[in-house]
Amino acid sequence: MIQIPLISLRLEATDEAYAYFDQHIRTLPRNSKGQINGRSFEMWNTDVDAFRHAYVSGVFTQEYNEQTADFLGRLNEMSLTREPEDEENMDLWNNAVGRKYGKSSKSRKNLADKLKKALENGELIISPKDPRKFKGNKSRSSIDTQKQVVVIEEEDTGRNEKFLDLISGVIMSKDKFVSQIQEGQYPGYHVASIDQDITPMSKPDDLIENNLG
């Protein structure tokens with residue numbers, strides 16, 4: 001299970017996506033308390049669902065980075081029980097569009113505005129029946145079990161500060177990650193002294209995505 005900070009951010013971004021859609025695209029269904037009803041049938045496998053997936057993925061890209069947003073999106077799809085392939089394709093496609101605009105947006109409002117235009121221009125997939133196919137990584141099998149850690153937070157100096165294990169969902173401080181490496185828990189990594197600072201490092205291989213940023 002991904003720990004609370006990531007869950008909180010996902011829920012926050014989901015609420016923001018629904019609120020923006022309701023205000024700027026079309027009115028969404030509400031429950032008996034007058035709140036936007038996220039469980040409504042209308043919210044799944046539709047334009048609302050497409051916008052939500054893209055927006056949440058874009059927010060994760062803004063807050064962390066494109067690689068982390070990609071992995072988190074795929075982990076979320078894998079947590080769903082027996083999701084049909086066409087629905088997974090739709091979600092992963094829209095996640096990718098969200099990451100694209102997350103990289104180029106200066107704020108969440110700017111991201112939402114760009115995704116509104118993407119929706120209007122047909123860039124998002126709004127139905128599982130759409131024939132377009134997502135070409136990127138689709139499953140946990142694409143995560144190297146020896147190199148499953150990514151950076152999710154850096155210091156102002158650019159030094160890596162917090163790390164996410166993409167398989168277990170555990171968030172680690174640098175000291176905790178260093179300790180785990182030294183105990184042999186992460187054989188794909190080693191530690192090095194950089195300017196007298198003990199730093200986690202990925203053991204060299206040919207895959208850029210496996211390197212700690």
# chains A, B, ... in the order shown; residues from 1 in each chain; ligands from 1
>>> residues_around(residues="A:Ser127", least_positions_apart="4", cutoff="10 Å", atoms="only C-alpha atoms", output="list in words")
Trp44, Asn45, Thr46, Asp47, Asp49, Ala50, Asp86, Glu87, Met90, Asp91 and Pro131 of chain A
>>> residues_around(residues="A:Gln148", least_positions_apart="4", cutoff="7 Å", atoms="only C-alpha atoms", output="number ranges by chain")
A: 143-144, 165-167
>>> write_last_selection(atoms="C-alpha atoms", output="short mmCIF file (atom, residue, chain, number, x, y, z; two decimals), in the first residue's frame")
data_model
loop_
_atom_site.label_atom_id
_atom_site.label_comp_id
_atom_site.auth_asym_id
_atom_site.auth_seq_id
_atom_site.Cartn_x
_atom_site.Cartn_y
_atom_site.Cartn_z
CA ILE A 143 9.41 -2.61 -13.11
CA ASP A 144 12.88 -4.03 -12.56
CA ASP A 165 9.84 1.79 -3.49
CA LEU A 166 7.49 1.25 -6.44
CA ILE A 167 6.74 -2.36 -5.53
#
>>> residues_around(residues="stretch 134-139 of chain A", least_positions_apart="5", cutoff="8 Å", atoms="only C-alpha atoms", output="PyMOL selection string")
chain A and resi 74-75+78+89-90+92-93
>>> select_by_dssp(residues="stretch 15-213 of chain A", states="strand (DSSP E)", output="short mmCIF file (atom, residue, chain, number, x, y, z; two decimals) with N, CA and C atoms, in the first residue's frame")
data_model
loop_
_atom_site.label_atom_id
_atom_site.label_comp_id
_atom_site.auth_asym_id
_atom_site.auth_seq_id
_atom_site.Cartn_x
_atom_site.Cartn_y
_atom_site.Cartn_z
N VAL A 149 13.32 1.61 -7.06
CA VAL A 149 13.25 2.82 -6.24
C VAL A 149 13.42 4.07 -7.10
N VAL A 150 12.56 5.06 -6.86
CA VAL A 150 12.66 6.34 -7.57
C VAL A 150 12.70 7.48 -6.56
N VAL A 151 13.26 8.59 -6.99
CA VAL A 151 13.33 9.79 -6.15
C VAL A 151 12.01 10.54 -6.24
N ILE A 152 11.46 10.94 -5.10
CA ILE A 152 10.23 11.72 -5.12
C ILE A 152 10.41 13.10 -4.48
N GLU A 153 11.54 13.36 -3.88
CA GLU A 153 11.76 14.69 -3.29
C GLU A 153 13.24 15.00 -3.25
N GLU A 154 13.57 16.23 -3.63
CA GLU A 154 14.96 16.69 -3.60
C GLU A 154 15.10 17.90 -2.69
N ASN A 160 19.14 14.21 -3.56
CA ASN A 160 17.96 13.38 -3.37
C ASN A 160 17.67 13.21 -1.88
N GLU A 161 16.42 13.40 -1.50
CA GLU A 161 16.06 13.41 -0.08
C GLU A 161 15.07 12.30 0.29
N LYS A 162 14.04 12.05 -0.55
CA LYS A 162 13.05 11.02 -0.26
C LYS A 162 12.92 10.08 -1.45
N PHE A 163 12.65 8.81 -1.14
CA PHE A 163 12.63 7.77 -2.17
C PHE A 163 11.37 6.93 -2.02
N LEU A 164 10.88 6.42 -3.15
CA LEU A 164 9.70 5.57 -3.16
C LEU A 164 10.04 4.21 -3.75
N ASP A 165 9.74 3.16 -2.99
CA ASP A 165 9.84 1.79 -3.49
C ASP A 165 8.55 1.51 -4.27
N ILE A 171 7.74 4.77 1.37
CA ILE A 171 8.51 6.00 1.19
C ILE A 171 9.63 6.00 2.23
N MET A 172 10.87 6.30 1.78
CA MET A 172 12.02 6.27 2.67
C MET A 172 12.78 7.60 2.63
N SER A 173 13.29 7.99 3.78
CA SER A 173 14.24 9.09 3.82
C SER A 173 15.56 8.59 3.25
N TYR A 189 21.40 -1.47 -5.71
CA TYR A 189 21.91 -0.15 -5.34
C TYR A 189 23.13 -0.28 -4.43
N HIS A 190 23.93 0.77 -4.38
CA HIS A 190 25.04 0.83 -3.44
C HIS A 190 25.12 2.25 -2.90
N VAL A 191 25.98 2.48 -1.94
CA VAL A 191 26.14 3.83 -1.38
C VAL A 191 27.54 4.33 -1.70
N ALA A 192 27.63 5.64 -1.86
CA ALA A 192 28.91 6.28 -2.17
C ALA A 192 29.02 7.57 -1.39
N SER A 193 30.23 8.00 -1.15
CA SER A 193 30.46 9.26 -0.46
C SER A 193 30.68 10.35 -1.51
N ILE A 194 29.76 11.32 -1.53
CA ILE A 194 29.85 12.44 -2.46
C ILE A 194 29.96 13.72 -1.64
N ASP A 197 29.17 13.20 1.85
CA ASP A 197 27.77 12.89 2.15
C ASP A 197 27.47 11.48 1.61
N ILE A 198 27.03 10.58 2.50
CA ILE A 198 26.71 9.22 2.09
C ILE A 198 25.44 9.25 1.25
N THR A 199 25.55 8.77 0.00
CA THR A 199 24.47 8.92 -0.97
C THR A 199 24.10 7.59 -1.61
N PRO A 200 22.78 7.28 -1.72
CA PRO A 200 22.35 6.06 -2.43
C PRO A 200 22.61 6.21 -3.93
N MET A 201 23.10 5.15 -4.54
CA MET A 201 23.39 5.17 -5.97
C MET A 201 22.86 3.89 -6.61
N SER A 202 22.38 4.02 -7.84
CA SER A 202 21.98 2.84 -8.60
C SER A 202 23.21 2.20 -9.22
#
>>> residues_around(residues="A:Arg10", least_positions_apart="4", cutoff="8 Å", atoms="only C-alpha atoms", output="mmCIF file with C-alpha atoms, in the first residue's frame")
data_model
loop_
_atom_site.group_PDB
_atom_site.id
_atom_site.type_symbol
_atom_site.label_atom_id
_atom_site.label_comp_id
_atom_site.auth_asym_id
_atom_site.auth_seq_id
_atom_site.Cartn_x
_atom_site.Cartn_y
_atom_site.Cartn_z
ATOM 1 C CA LEU A 6 0.691 9.890 -1.928
ATOM 2 C CA THR A 14 -9.218 13.884 -7.773
ATOM 3 C CA VAL A 56 -4.140 13.371 -11.349
#
>>> atom_distance(atom1="atom CA of A:Gln196", atom2="atom CA of A:Thr68")
28.0 Å
>>> atom_distance(atom1="atom CA of A:Leu9", atom2="atom CA of A:Asp175")
23.9 Å
>>> atom_distance(atom1="atom CA of A:Asn95", atom2="atom CA of A:Arg30")
25.3 Å
>>> residues_around(residues="A:Thr61", least_positions_apart="4", cutoff="9 Å", atoms="only C-alpha atoms", output="VMD selection string")
chain A and resid 56 to 57 65 to 70 98 to 103
>>> write_last_selection(atoms="C-alpha atoms", output="short mmCIF file (atom, residue, chain, number, x, y, z; two decimals), in the first residue's frame")
data_model
loop_
_atom_site.label_atom_id
_atom_site.label_comp_id
_atom_site.auth_asym_id
_atom_site.auth_seq_id
_atom_site.Cartn_x
_atom_site.Cartn_y
_atom_site.Cartn_z
CA VAL A 56 -4.14 13.37 -11.35
CA SER A 57 -1.23 12.10 -13.43
CA ASN A 65 8.51 13.86 -11.85
CA GLU A 66 7.30 12.16 -15.02
CA GLN A 67 8.84 8.78 -14.21
CA THR A 68 7.29 8.60 -10.76
CA ALA A 69 3.89 9.69 -12.12
CA ASP A 70 4.10 6.93 -14.74
CA GLY A 98 -1.64 14.19 -18.18
CA ARG A 99 2.10 13.70 -17.76
CA LYS A 100 2.72 15.51 -21.04
CA TYR A 101 0.86 18.60 -19.89
CA GLY A 102 2.04 18.29 -16.30
CA LYS A 103 5.60 18.88 -17.55
#
>>> select_by_dssp(residues="stretch 19-181 of chain A", states="helix (DSSP H, G or I)", output="number ranges by chain")
A: 19-24, 41-43, 47-63, 66-78, 85-104, 108-120, 140-142, 174-181
